[in-house]
$ cat work.cif   # mmCIF, C-alpha atoms and all ligand atoms
data_start
#
loop_
_atom_site.label_atom_id
_atom_site.label_comp_id
_atom_site.auth_asym_id
_atom_site.auth_seq_id
_atom_site.Cartn_x
_atom_site.Cartn_y
_atom_site.Cartn_z
CA MET X 1 46.47 -213.23 -43.06
CA MET X 2 44.06 -215.93 -41.96
CA LYS X 3 40.35 -215.22 -42.34
CA ARG X 4 38.31 -218.41 -42.02
CA ILE X 5 38.80 -220.87 -39.15
CA ALA X 6 36.94 -224.11 -38.43
CA VAL X 7 36.69 -225.41 -34.84
CA ILE X 8 36.02 -229.16 -34.77
CA GLY X 9 34.64 -230.20 -31.38
CA LEU X 10 32.98 -227.84 -28.87
CA GLY X 11 32.80 -229.36 -25.38
CA THR X 12 34.70 -227.54 -22.64
CA MET X 13 37.22 -225.67 -24.78
CA GLY X 14 35.43 -225.03 -28.07
CA PRO X 15 32.93 -222.27 -27.20
CA GLY X 16 35.44 -219.92 -25.55
CA MET X 17 38.06 -220.59 -28.20
CA ALA X 18 35.63 -220.01 -31.09
CA GLN X 19 34.25 -216.76 -29.64
CA ARG X 20 37.72 -215.44 -28.84
CA LEU X 21 38.78 -216.06 -32.46
CA ALA X 22 35.60 -214.46 -33.79
CA GLN X 23 36.21 -211.36 -31.67
CA GLY X 24 39.67 -211.25 -33.19
CA GLY X 25 38.05 -210.58 -36.57
CA LEU X 26 38.02 -214.15 -37.90
CA VAL X 27 35.08 -215.91 -39.50
CA VAL X 28 34.71 -219.03 -37.37
CA THR X 29 32.52 -222.05 -38.05
CA ALA X 30 32.20 -224.55 -35.20
CA PHE X 31 31.15 -228.16 -35.71
CA ASP X 32 30.28 -230.89 -33.25
CA THR X 33 28.86 -234.38 -33.82
CA ASP X 34 26.61 -233.80 -30.80
CA GLY X 35 23.90 -231.24 -31.48
CA ALA X 36 23.42 -230.74 -27.75
CA GLN X 37 26.98 -229.42 -27.55
CA ILE X 38 26.13 -226.84 -30.20
CA GLU X 39 23.09 -225.69 -28.21
CA LYS X 40 25.16 -225.64 -25.01
CA ALA X 41 27.83 -223.55 -26.76
CA LYS X 42 25.24 -221.04 -28.00
CA ALA X 43 23.86 -220.74 -24.45
CA MET X 44 27.37 -220.00 -23.12
CA LEU X 45 28.04 -217.12 -25.52
CA PRO X 46 26.48 -214.28 -23.44
CA LEU X 47 28.70 -215.22 -20.45
CA ILE X 48 31.78 -215.55 -22.69
CA THR X 49 31.22 -212.25 -24.50
CA GLY X 50 30.58 -210.52 -21.15
CA VAL X 51 33.96 -211.69 -19.88
CA LEU X 52 35.70 -210.65 -23.10
CA ASP X 53 34.07 -207.24 -22.76
CA ARG X 54 35.40 -206.92 -19.19
CA LEU X 55 38.84 -207.87 -20.49
CA GLY X 56 38.60 -204.93 -22.88
CA ILE X 57 38.58 -207.20 -25.92
CA THR X 58 36.33 -205.35 -28.35
CA PRO X 59 35.10 -207.34 -31.38
CA LYS X 60 37.15 -206.56 -34.48
CA PRO X 61 35.19 -205.86 -37.70
CA GLY X 62 34.54 -208.81 -39.97
CA GLY X 63 34.51 -211.39 -37.19
CA ALA X 64 31.66 -213.92 -36.94
CA LEU X 65 30.83 -217.22 -35.26
CA HIS X 66 28.63 -219.79 -36.98
CA PHE X 67 27.63 -223.29 -35.91
CA THR X 68 27.00 -226.25 -38.17
CA THR X 69 26.17 -229.95 -37.96
CA SER X 70 28.16 -230.58 -41.15
CA LEU X 71 31.93 -231.09 -41.11
CA ALA X 72 32.13 -230.20 -44.78
CA ASP X 73 30.36 -226.89 -44.19
CA ALA X 74 32.60 -226.13 -41.20
CA VAL X 75 35.85 -226.53 -43.13
CA LYS X 76 34.72 -225.04 -46.47
CA ASP X 77 37.36 -222.50 -47.60
CA ALA X 78 39.01 -222.67 -44.16
CA ASP X 79 42.53 -221.29 -43.79
CA LEU X 80 42.88 -223.15 -40.49
CA VAL X 81 41.14 -226.13 -38.89
CA ILE X 82 41.39 -226.45 -35.10
CA GLU X 83 40.78 -229.99 -33.90
CA ASN X 84 39.32 -229.95 -30.40
CA VAL X 85 37.85 -233.44 -29.94
CA PRO X 86 38.43 -235.74 -26.92
CA GLU X 87 42.01 -236.64 -25.91
CA LYS X 88 41.97 -240.04 -27.59
CA ILE X 89 44.27 -240.64 -30.55
CA GLU X 90 41.71 -242.78 -32.35
CA ILE X 91 39.05 -240.05 -32.19
CA LYS X 92 41.51 -237.44 -33.41
CA ALA X 93 42.75 -239.73 -36.19
CA ASP X 94 39.16 -240.24 -37.38
CA VAL X 95 38.77 -236.46 -37.65
CA TYR X 96 42.03 -236.10 -39.60
CA ARG X 97 40.94 -238.85 -42.01
CA ALA X 98 37.57 -237.19 -42.50
CA LEU X 99 39.29 -233.87 -43.22
CA GLU X 100 41.52 -235.29 -45.97
CA GLY X 101 38.87 -235.18 -48.66
CA LEU X 102 37.41 -231.85 -47.51
CA ILE X 103 40.27 -229.36 -47.22
CA ALA X 104 42.95 -228.01 -49.56
CA SER X 105 46.49 -229.26 -49.04
CA LYS X 106 47.48 -225.71 -48.03
CA THR X 107 44.90 -225.54 -45.23
CA LEU X 108 46.64 -225.62 -41.86
CA VAL X 109 45.44 -228.07 -39.21
CA VAL X 110 46.21 -227.79 -35.48
CA SER X 111 45.28 -229.84 -32.45
CA ASP X 112 44.36 -228.45 -29.03
CA THR X 113 45.67 -231.69 -27.54
CA SER X 114 46.73 -231.45 -23.90
CA GLY X 115 49.83 -233.49 -24.48
CA ILE X 116 49.74 -236.20 -27.13
CA PRO X 117 53.03 -235.80 -29.04
CA ILE X 118 52.39 -233.95 -32.29
CA SER X 119 54.69 -236.33 -34.18
CA LYS X 120 52.39 -239.18 -33.09
CA LEU X 121 49.29 -237.38 -34.33
CA GLN X 122 51.09 -236.54 -37.60
CA GLU X 123 51.17 -240.26 -38.43
CA HIS X 124 47.47 -239.92 -39.25
CA LEU X 125 47.72 -237.07 -41.73
CA SER X 126 48.65 -237.23 -45.42
CA HIS X 127 50.04 -233.68 -45.20
CA PRO X 128 51.85 -233.66 -41.81
CA GLU X 129 53.86 -230.61 -42.84
CA ARG X 130 50.78 -228.41 -42.35
CA PHE X 131 50.01 -229.74 -38.85
CA CYS X 132 51.16 -228.59 -35.43
CA GLY X 133 49.98 -228.28 -31.83
CA MET X 134 48.10 -225.18 -30.67
CA HIS X 135 47.50 -225.90 -26.98
CA TRP X 136 45.08 -223.48 -25.33
CA SER X 137 44.40 -223.40 -21.58
CA ASN X 138 41.04 -223.54 -19.86
CA PRO X 139 39.20 -221.13 -19.91
CA PRO X 140 40.45 -220.35 -23.42
CA HIS X 141 38.74 -216.97 -23.73
CA ILE X 142 40.58 -215.74 -20.60
CA ILE X 143 44.00 -217.44 -20.47
CA PRO X 144 46.15 -215.65 -23.08
CA MET X 145 49.04 -218.13 -23.22
CA ILE X 146 48.94 -220.69 -26.03
CA GLU X 147 51.65 -223.30 -26.59
CA VAL X 148 52.78 -223.91 -30.19
CA ILE X 149 54.41 -227.30 -30.74
CA SER X 150 55.94 -228.61 -33.97
CA GLY X 151 56.09 -232.31 -34.74
CA ALA X 152 58.90 -234.03 -36.59
CA LYS X 153 57.25 -233.27 -39.95
CA THR X 154 55.83 -229.81 -39.25
CA ALA X 155 57.02 -227.23 -41.78
CA PRO X 156 58.60 -224.20 -40.08
CA GLU X 157 56.18 -221.89 -41.90
CA THR X 158 53.24 -223.75 -40.35
CA ALA X 159 54.35 -223.05 -36.79
CA LYS X 160 55.27 -219.50 -37.74
CA ALA X 161 51.80 -218.90 -39.17
CA ILE X 162 50.20 -220.10 -35.91
CA VAL X 163 52.51 -217.92 -33.82
CA THR X 164 51.59 -214.94 -36.04
CA LEU X 165 47.87 -215.68 -35.65
CA ILE X 166 48.21 -215.79 -31.86
CA GLU X 167 50.15 -212.51 -31.84
CA GLU X 168 47.61 -210.83 -34.13
CA LEU X 169 44.91 -211.86 -31.62
CA GLY X 170 46.87 -210.06 -28.89
CA LEU X 171 47.53 -213.37 -27.12
CA LEU X 172 50.80 -214.90 -25.90
CA PRO X 173 52.37 -217.65 -28.04
CA VAL X 174 54.91 -219.88 -26.31
CA VAL X 175 57.00 -221.94 -28.73
CA VAL X 176 57.89 -225.32 -27.23
CA ASN X 177 61.22 -226.48 -28.72
CA LYS X 178 60.80 -230.25 -28.29
CA ASP X 179 57.70 -232.37 -28.97
CA VAL X 180 57.64 -234.05 -25.53
CA PRO X 181 54.46 -235.60 -24.06
CA GLY X 182 52.55 -232.91 -22.15
CA PHE X 183 54.66 -230.19 -23.77
CA VAL X 184 55.59 -227.70 -20.98
CA GLU X 185 52.50 -226.34 -19.23
CA ASN X 186 50.93 -229.71 -18.56
CA ARG X 187 54.19 -231.39 -17.52
CA ILE X 188 54.52 -228.76 -14.81
CA LEU X 189 50.81 -228.84 -13.97
CA TYR X 190 50.67 -232.65 -13.79
CA ALA X 191 53.80 -232.84 -11.61
CA LEU X 192 52.07 -230.40 -9.26
CA LEU X 193 48.74 -232.28 -9.39
CA ARG X 194 50.48 -235.62 -8.75
CA GLU X 195 52.12 -234.20 -5.63
CA ALA X 196 48.89 -232.50 -4.50
CA VAL X 197 46.79 -235.65 -4.85
CA ASP X 198 49.42 -237.73 -3.05
CA LEU X 199 49.54 -235.24 -0.14
CA VAL X 200 45.74 -235.44 0.20
CA GLU X 201 45.69 -239.21 -0.19
CA GLU X 202 48.40 -239.59 2.49
CA GLY X 203 46.39 -237.41 4.87
CA VAL X 204 49.10 -234.76 4.99
CA ILE X 205 46.49 -232.08 4.27
CA ALA X 206 42.78 -231.72 3.45
CA PRO X 207 41.80 -230.68 -0.12
CA GLU X 208 40.48 -227.25 0.92
CA ALA X 209 43.62 -226.46 2.92
CA LEU X 210 45.83 -227.60 0.07
CA ASP X 211 43.98 -225.31 -2.33
CA THR X 212 44.41 -222.36 0.07
CA CYS X 213 48.11 -223.21 0.55
CA VAL X 214 48.81 -223.30 -3.21
CA SER X 215 46.47 -220.55 -4.44
CA TRP X 216 47.48 -218.00 -1.82
CA GLY X 217 51.10 -219.14 -1.61
CA ILE X 218 53.10 -220.39 -4.52
CA GLY X 219 50.29 -220.05 -7.09
CA TYR X 220 49.83 -216.37 -6.26
CA LYS X 221 53.59 -215.74 -6.38
CA LEU X 222 54.09 -217.68 -9.64
CA SER X 223 51.50 -215.55 -11.40
CA VAL X 224 53.89 -212.62 -10.92
CA ILE X 225 57.29 -214.31 -10.68
CA GLY X 226 57.84 -217.27 -13.03
CA PRO X 227 59.61 -220.41 -11.72
CA MET X 228 62.96 -219.67 -13.32
CA ALA X 229 62.93 -216.07 -12.02
CA LEU X 230 61.86 -217.42 -8.61
CA LEU X 231 65.13 -219.36 -8.42
CA ASP X 232 66.94 -216.01 -8.48
CA VAL X 233 64.55 -214.48 -5.94
CA ALA X 234 64.90 -217.36 -3.45
CA GLY X 235 68.56 -217.90 -4.26
CA LEU X 236 69.96 -220.88 -6.12
CA ASP X 237 71.84 -221.80 -2.94
CA ILE X 238 68.54 -222.18 -1.10
CA TYR X 239 67.14 -224.31 -3.91
CA HIS X 240 70.33 -226.39 -3.88
CA SER X 241 70.08 -227.02 -0.14
CA VAL X 242 66.36 -227.84 -0.07
CA ALA X 243 66.34 -229.90 -3.28
CA GLY X 244 69.28 -231.84 -1.88
CA PHE X 245 66.97 -233.65 0.54
CA LEU X 246 63.49 -232.91 -0.83
CA ASN X 247 63.85 -234.19 -4.42
CA GLN X 248 64.17 -237.76 -3.19
CA GLU X 249 60.96 -237.34 -1.14
CA LEU X 250 58.69 -236.05 -3.92
CA SER X 251 56.14 -238.30 -5.59
CA THR X 252 57.50 -240.21 -8.57
CA ARG X 253 54.53 -242.51 -9.03
CA GLY X 254 54.02 -243.68 -12.61
CA ASP X 255 50.45 -244.85 -12.01
CA ILE X 256 47.38 -242.78 -11.11
CA ALA X 257 46.46 -242.32 -7.44
CA PRO X 258 43.45 -244.31 -6.15
CA PHE X 259 42.02 -240.95 -5.02
CA VAL X 260 41.45 -240.28 -8.74
CA THR X 261 40.84 -243.78 -10.18
CA LYS X 262 38.15 -244.44 -7.54
CA ARG X 263 36.26 -241.27 -8.43
CA VAL X 264 36.54 -241.87 -12.17
CA ALA X 265 35.22 -245.42 -11.70
CA GLU X 266 32.29 -243.98 -9.72
CA LYS X 267 31.72 -241.32 -12.45
CA ARG X 268 32.46 -238.58 -9.89
CA LEU X 269 34.29 -236.38 -12.40
CA GLY X 270 33.89 -232.90 -10.96
CA LEU X 271 31.76 -229.99 -12.18
CA LYS X 272 30.52 -232.02 -15.14
CA THR X 273 28.88 -234.59 -12.84
CA GLY X 274 28.06 -232.39 -9.84
CA GLY X 275 30.88 -233.78 -7.75
CA GLY X 276 34.46 -235.04 -7.75
CA VAL X 277 36.93 -233.71 -5.19
CA TYR X 278 34.14 -231.47 -3.89
CA ALA X 279 30.33 -231.67 -4.16
CA TYR X 280 28.40 -229.02 -6.10
CA THR X 281 24.77 -228.02 -6.60
CA PRO X 282 23.81 -226.61 -10.04
CA GLU X 283 23.46 -223.17 -8.41
CA ARG X 284 26.91 -223.41 -6.84
CA ILE X 285 28.41 -224.38 -10.21
CA LYS X 286 26.92 -221.24 -11.77
CA GLU X 287 28.10 -219.08 -8.84
CA LEU X 288 31.63 -220.51 -9.07
CA GLY X 289 31.76 -219.99 -12.83
CA ALA X 290 30.88 -216.30 -12.53
CA GLU X 291 33.07 -215.73 -9.45
CA ARG X 292 36.12 -217.40 -11.01
CA ALA X 293 35.70 -215.55 -14.31
CA ARG X 294 35.46 -212.25 -12.42
CA LYS X 295 38.59 -213.01 -10.39
CA LEU X 296 40.57 -214.25 -13.38
CA VAL X 297 39.69 -211.04 -15.22
CA ALA X 298 40.77 -208.91 -12.24
CA VAL X 299 44.07 -210.81 -11.88
CA ARG X 300 44.76 -210.60 -15.59
CA ARG X 301 44.12 -206.85 -15.61
CA ALA X 302 46.54 -206.45 -12.70
CA LEU X 303 49.17 -208.60 -14.42
CA GLU X 304 48.81 -206.66 -17.66
CA GLU X 305 49.21 -203.36 -15.87
CA LYS X 306 52.34 -201.75 -17.24
CA ASP X 307 54.91 -200.98 -14.57
CA ARG X 308 53.99 -197.63 -13.05
CA THR X 309 56.76 -195.22 -13.99
N1 LIG G 1 39.37 -229.36 -20.76
C1 LIG G 1 40.53 -228.72 -20.63
O1 LIG G 1 40.86 -228.12 -19.57
C2 LIG G 1 41.46 -228.65 -21.81
C3 LIG G 1 42.36 -227.60 -21.92
C4 LIG G 1 43.20 -227.53 -23.03
C5 LIG G 1 43.16 -228.51 -23.99
N2 LIG G 1 42.29 -229.54 -23.85
C6 LIG G 1 42.29 -230.53 -24.92
O2 LIG G 1 41.35 -230.10 -25.92
C7 LIG G 1 40.68 -231.21 -26.50
C8 LIG G 1 39.20 -231.09 -26.21
O3 LIG G 1 39.06 -230.97 -24.82
P1 LIG G 1 37.64 -230.66 -24.15
O4 LIG G 1 37.86 -230.61 -22.68
O5 LIG G 1 37.02 -229.50 -24.85
O6 LIG G 1 36.88 -232.00 -24.55
P2 LIG G 1 35.33 -232.36 -24.34
O7 LIG G 1 35.27 -233.84 -24.20
O8 LIG G 1 34.73 -231.47 -23.31
O9 LIG G 1 34.69 -231.91 -25.76
C9 LIG G 1 35.00 -232.59 -26.94
C10 LIG G 1 33.88 -232.32 -27.93
O10 LIG G 1 34.18 -233.00 -29.14
C11 LIG G 1 32.97 -233.52 -29.66
N3 LIG G 1 33.33 -234.59 -30.60
C12 LIG G 1 33.64 -235.88 -30.31
N4 LIG G 1 33.96 -236.52 -31.46
C13 LIG G 1 33.85 -235.60 -32.47
C14 LIG G 1 34.05 -235.63 -33.87
N5 LIG G 1 34.44 -236.76 -34.50
N6 LIG G 1 33.85 -234.50 -34.60
C15 LIG G 1 33.45 -233.36 -33.97
N7 LIG G 1 33.23 -233.26 -32.65
C16 LIG G 1 33.43 -234.38 -31.91
C17 LIG G 1 32.18 -233.96 -28.44
O11 LIG G 1 30.80 -234.03 -28.74
C18 LIG G 1 32.52 -232.83 -27.45
O12 LIG G 1 31.57 -231.79 -27.54
C19 LIG G 1 41.33 -232.44 -25.88
O13 LIG G 1 42.39 -232.85 -26.69
C20 LIG G 1 41.83 -231.90 -24.54
O14 LIG G 1 42.91 -232.66 -24.01
C21 LIG G 1 41.43 -229.63 -22.81
C1 LIG G 2 43.75 -230.89 -15.30
C2 LIG G 2 44.02 -230.18 -16.62
N1 LIG G 2 44.46 -230.92 -17.66
C3 LIG G 2 44.73 -230.33 -18.86
C4 LIG G 2 44.60 -228.95 -19.03
C5 LIG G 2 44.98 -228.32 -20.33
O1 LIG G 2 45.40 -229.19 -21.31
C6 LIG G 2 44.13 -228.17 -17.96
C7 LIG G 2 43.90 -226.68 -18.08
O2 LIG G 2 43.97 -226.11 -19.19
O3 LIG G 2 43.62 -226.08 -17.03
C8 LIG G 2 43.84 -228.79 -16.74
O4 LIG G 2 43.41 -228.06 -15.68
#
$ encode --input "work.cif" --output "structure tokens" --more "lines below"
Ligand SMILES: NC(=O)c1ccc[n+]([C@@H]2O[C@H](COP(=O)([O-])OP(=O)(O)OC[C@H]3O[C@@H](n4cnc5c(N)ncnc54)[C@H](O)[C@@H]3O)[C@@H](O)[C@H]2O)c1
Ligand SMILES: Cc1ncc(CO)c(C(=O)O)c1O
Amino acid sequence: MMKRIAVIGLGTMGPGMAQRLAQGGLVVTAFDTDGAQIEKAKAMLPLITGVLDRLGITPKPGGALHFTTSLADAVKDADLVIENVPEKIEIKADVYRALEGLIASKTLVVSDTSGIPISKLQEHLSHPERFCGMHWSNPPHIIPMIEVISGAKTAPETAKAIVTLIEELGLLPVVVNKDVPGFVENRILYALLREAVDLVEEGVIAPEALDTCVSWGIGYKLSVIGPMALLDVAGLDIYHSVAGFLNQELSTRGDIAPFVTKRVAEKRLGLKTGGGVYAYTPERIKELGAERARKLVAVRRALEEKDRT
């Protein structure tokens, strides 16, 4: 049974992930090279714990969350190290190299990478057998599904231990069988986002209308009926007929749409810069954060409701 977990990198994902683990009874120590990120994480905790409370996730005894500015302190006696630094191989590799002299060879290491192949990341570890992917979704304290991805050199017991940890937390492990870029969730998400951005860029629909179309149409339905089950609901004959002409019409671009590259070049990145697809005031960002957390909690409670007998 794991007891001590180190979270390396706070940012967007780290605070929610660390608190969720702590409330699962683990002793978590979070480290970030940027002290401001540690302060920001501490300031987020009341909101995060409030949401976990509304989800009915009561803190298990023995859990704790500490913050440190020392990597060595963070990983001391850790059973598991969760790497959660930016999605750049070179930054991740630097962390793995720094870990080598600080952790026991039995300590498991996972990456929250959104889609870098685990086998590629394993090239930077002297003990690749103890490394796998543990891909959380944002916000990590609310979304229960976590992908577990083995690389070519991952020992089966490593992946099994991560699956067991996720189950013991009352979360939903999804084992991805092949170490493909983007794994499963993000391949589906990025196919959808590519199509959505192209439709907006081509003037087929405005961003707000697209969001309404997807959130209150297919998004709503998919939260209850998964894609493969939906094939049976719609009828595979319907899919066969529609895909017969539609598949050749869908976006297959291999580059990134100017709609996105333009905004990135102008540092219009979204909530983190006050504007991206939409414009936001600081007050609106706070309102949206609370509103979306409340709605995600309500939807999750509905989805977890056991079928009424
Ligand atoms: N943002 C998402 O929606 C999301 C969801 C799931 C997974 N991920 C993945 O999780 C990882 C982190 O994503 P994020 O959005 O939290 O990133 P982020 O850029 O918001 O945060 C990364 C944090 O790492 C810190 N950092 C940078 N170098 C470091 C180092 N050497 N040691 C310790 N800390 C360091 C930064 O100061 C920052 O606080 C990425 O691989 C990302 O693809 C992101
Ligand atoms: C746009 C985007 N990219 C990556 C991820 C997760 O790796 C997410 C998410 O978790 O929501 C995302 O929205």
$ residues_near_point --input "work.cif" --point "(62.3, -226.6, -26.5)" --cutoff "12 Å" --atoms "all atoms listed in the file" --output "ChimeraX atom specification"
/X:147-151,174-180,183-184
$ closest_atom_pairs --input "work.cif" --of "chain X" --to "ligand LIG 2 (chain G)" --cutoff "12 Å" --atoms "all atoms listed in the file" --output "CSV"
residue,atom,partner,partner_atom,distance
X:Thr12,CA,G:LIG2,O2,10.0
X:Met13,CA,G:LIG2,O2,8.8
X:Asn84,CA,G:LIG2,O1,11.0
X:Pro86,CA,G:LIG2,O1,11.1
X:Glu87,CA,G:LIG2,O1,9.4
X:Ser111,CA,G:LIG2,O1,11.2
X:Asp112,CA,G:LIG2,O1,7.8
X:Thr113,CA,G:LIG2,O1,6.7
X:Ser114,CA,G:LIG2,O1,3.7
X:Gly115,CA,G:LIG2,O1,6.9
X:Ile116,CA,G:LIG2,O1,10.1
X:Gly133,CA,G:LIG2,O1,11.5
X:Met134,CA,G:LIG2,O1,10.5
X:His135,CA,G:LIG2,O1,6.9
X:Trp136,CA,G:LIG2,O2,6.8
X:Ser137,CA,G:LIG2,O2,3.6
X:Asn138,CA,G:LIG2,O2,4.0
X:Pro139,CA,G:LIG2,O2,6.9
X:Pro140,CA,G:LIG2,O2,8.0
X:His141,CA,G:LIG2,O2,11.5
X:Ile142,CA,G:LIG2,O2,11.0
X:Ile143,CA,G:LIG2,O2,8.8
X:Pro144,CA,G:LIG2,O2,11.4
X:Met145,CA,G:LIG2,O2,10.3
X:Ile146,CA,G:LIG2,O2,10.0
X:Glu147,CA,G:LIG2,O1,10.1
X:Pro181,CA,G:LIG2,O1,11.4
X:Gly182,CA,G:LIG2,O1,8.1
X:Phe183,CA,G:LIG2,O1,9.6
X:Val184,CA,G:LIG2,O1,10.3
X:Glu185,CA,G:LIG2,C5,7.9
X:Asn186,CA,G:LIG2,O1,6.2
X:Arg187,CA,G:LIG2,C3,9.6
X:Ile188,CA,G:LIG2,N1,10.7
X:Leu189,CA,G:LIG2,C2,7.4
X:Tyr190,CA,G:LIG2,C1,7.3
X:Ala191,CA,G:LIG2,C1,10.9
X:Leu192,CA,G:LIG2,C1,10.3
X:Leu193,CA,G:LIG2,C1,7.9
X:Arg194,CA,G:LIG2,C1,10.5
X:Val197,CA,G:LIG2,C1,11.9
X:Val260,CA,G:LIG2,C1,11.7
X:Leu269,CA,G:LIG2,C1,11.3
X:Gly270,CA,G:LIG2,C1,11.0
$ closest_residue --input "work.cif" --among "X:Lys76, X:Arg301, X:Lys3, X:Lys40" --to "ligand LIG 1 (chain G)" --atoms "only C-alpha atoms and all ligand atoms"
X:Lys40
$ axis_aligned_box --input "work.cif" --around "ligand LIG 1 (chain G)" --padding-each-side "8 Å" --output "lines of an AutoDock Vina configuration file"
center_x = 37.0
center_y = -232.1
center_z = -27.1
size_x = 28.4
size_y = 25.2
size_z = 31.0
$ closest_atom_pairs --input "work.cif" --of "stretch 22-54 of chain X" --to "stretch 61-67 of chain X" --cutoff "8 Å" --atoms "only C-alpha atoms" --output "tab-separated table"
residue	atom	partner	partner_atom	distance
X:Ala22	CA	X:Gly63	CA	4.7
X:Gln23	CA	X:Gly63	CA	5.8
X:Gly24	CA	X:Gly63	CA	6.5
X:Gly25	CA	X:Gly63	CA	3.7
X:Leu26	CA	X:Gly63	CA	4.5
X:Val27	CA	X:Ala64	CA	4.7
X:Val28	CA	X:Leu65	CA	4.8
X:Thr29	CA	X:His66	CA	4.6
X:Ala30	CA	X:Phe67	CA	4.8
X:Phe31	CA	X:Phe67	CA	6.0
X:Ile38	CA	X:Phe67	CA	6.9
$ closest_residue --input "work.cif" --among "X:Leu246, X:Ala43, X:Met1, X:Ile48" --to "X:Ala293" --atoms "all atoms listed in the file"
X:Ile48
$ closest_residue --input "work.cif" --among "X:Asp77, X:Leu222, X:Ala209, X:Lys272" --to "ligand LIG 1 (chain G)" --atoms "all atoms listed in the file"
X:Lys272
$ closest_residue --input "work.cif" --among "X:Ser119, X:His240, X:Arg54, X:Val81" --to "ligand LIG 1 (chain G)" --atoms "all atoms listed in the file"
X:Val81
$ closest_residue --input "work.cif" --among "X:Asp79, X:Glu90, X:Glu287, X:Glu123" --to "ligand LIG 1 (chain G)" --atoms "only C-alpha atoms and all ligand atoms"
X:Glu90
$ atom_distance --input "work.cif" --atom1 "atom CA of X:Pro227" --atom2 "atom C7 of ligand LIG 1 (chain G)"
26.3 Å
$ closest_residue --input "work.cif" --among "X:Thr261, X:Thr58, X:Ser70, X:Thr49" --to "ligand LIG 1 (chain G)" --atoms "only C-alpha atoms and all ligand atoms"
X:Ser70
$ atom_distance --input "work.cif" --atom1 "atom CA of X:Asp34" --atom2 "atom O11 of ligand LIG 1 (chain G)"
4.7 Å
$ residues_around --input "work.cif" --residues "X:Lys153" --least-positions-apart "6" --cutoff "9 Å" --atoms "only C-alpha atoms" --output "JSON, numbers by chain"
{"X": [119, 122, 127, 128, 129, 130, 131, 132]}
$ write_last_selection --input "work.cif" --atoms "C-alpha atoms" --output "compact mmCIF listing (two decimals), in the frame of the given file"
# COMPACT_ATOMS: atom_id res chain seq x y z
CA SER X 119 54.69 -236.33 -34.18
CA GLN X 122 51.09 -236.54 -37.60
CA HIS X 127 50.04 -233.68 -45.20
CA PRO X 128 51.85 -233.66 -41.81
CA GLU X 129 53.86 -230.61 -42.84
CA ARG X 130 50.78 -228.41 -42.35
CA PHE X 131 50.01 -229.74 -38.85
CA CYS X 132 51.16 -228.59 -35.43
$ atom_distance --input "work.cif" --atom1 "atom O1 of ligand LIG 1 (chain G)" --atom2 "atom CA of X:Gly275"
16.5 Å
$ residues_near_point --input "work.cif" --point "(46.0, -224.5, -2.9)" --cutoff "12 Å" --atoms "all atoms listed in the file" --output "list of chain:residue names"
X:Leu192, X:Leu193, X:Glu195, X:Ala196, X:Val197, X:Leu199, X:Val200, X:Ile205, X:Ala206, X:Pro207, X:Glu208, X:Ala209, X:Leu210, X:Asp211, X:Thr212, X:Cys213, X:Val214, X:Ser215, X:Trp216, X:Gly217, X:Ile218, X:Gly219, X:Tyr220
$ residues_around --input "work.cif" --residues "X:Tyr96" --least-positions-apart "3" --cutoff "10 Å" --atoms "only C-alpha atoms" --output "list in words"
Glu83, Glu90, Ile91, Lys92, Ala93, Leu99, Glu100, Gly101, Val109, Leu121, Gln122, His124, Leu125 and Ser126 of chain X
$ residues_around --input "work.cif" --residues "X:Ala161" --least-positions-apart "5" --cutoff "10 Å" --atoms "all atoms listed in the file" --output "CSV table (one decimal) with C-alpha atoms, keeping the file's coordinate frame"
chain,number,residue,atom,x,y,z
X,1,MET,CA,46.5,-213.2,-43.1
X,2,MET,CA,44.1,-215.9,-42.0
X,80,LEU,CA,42.9,-223.2,-40.5
X,108,LEU,CA,46.6,-225.6,-41.9
X,156,PRO,CA,58.6,-224.2,-40.1
X,166,ILE,CA,48.2,-215.8,-31.9
X,167,GLU,CA,50.2,-212.5,-31.8
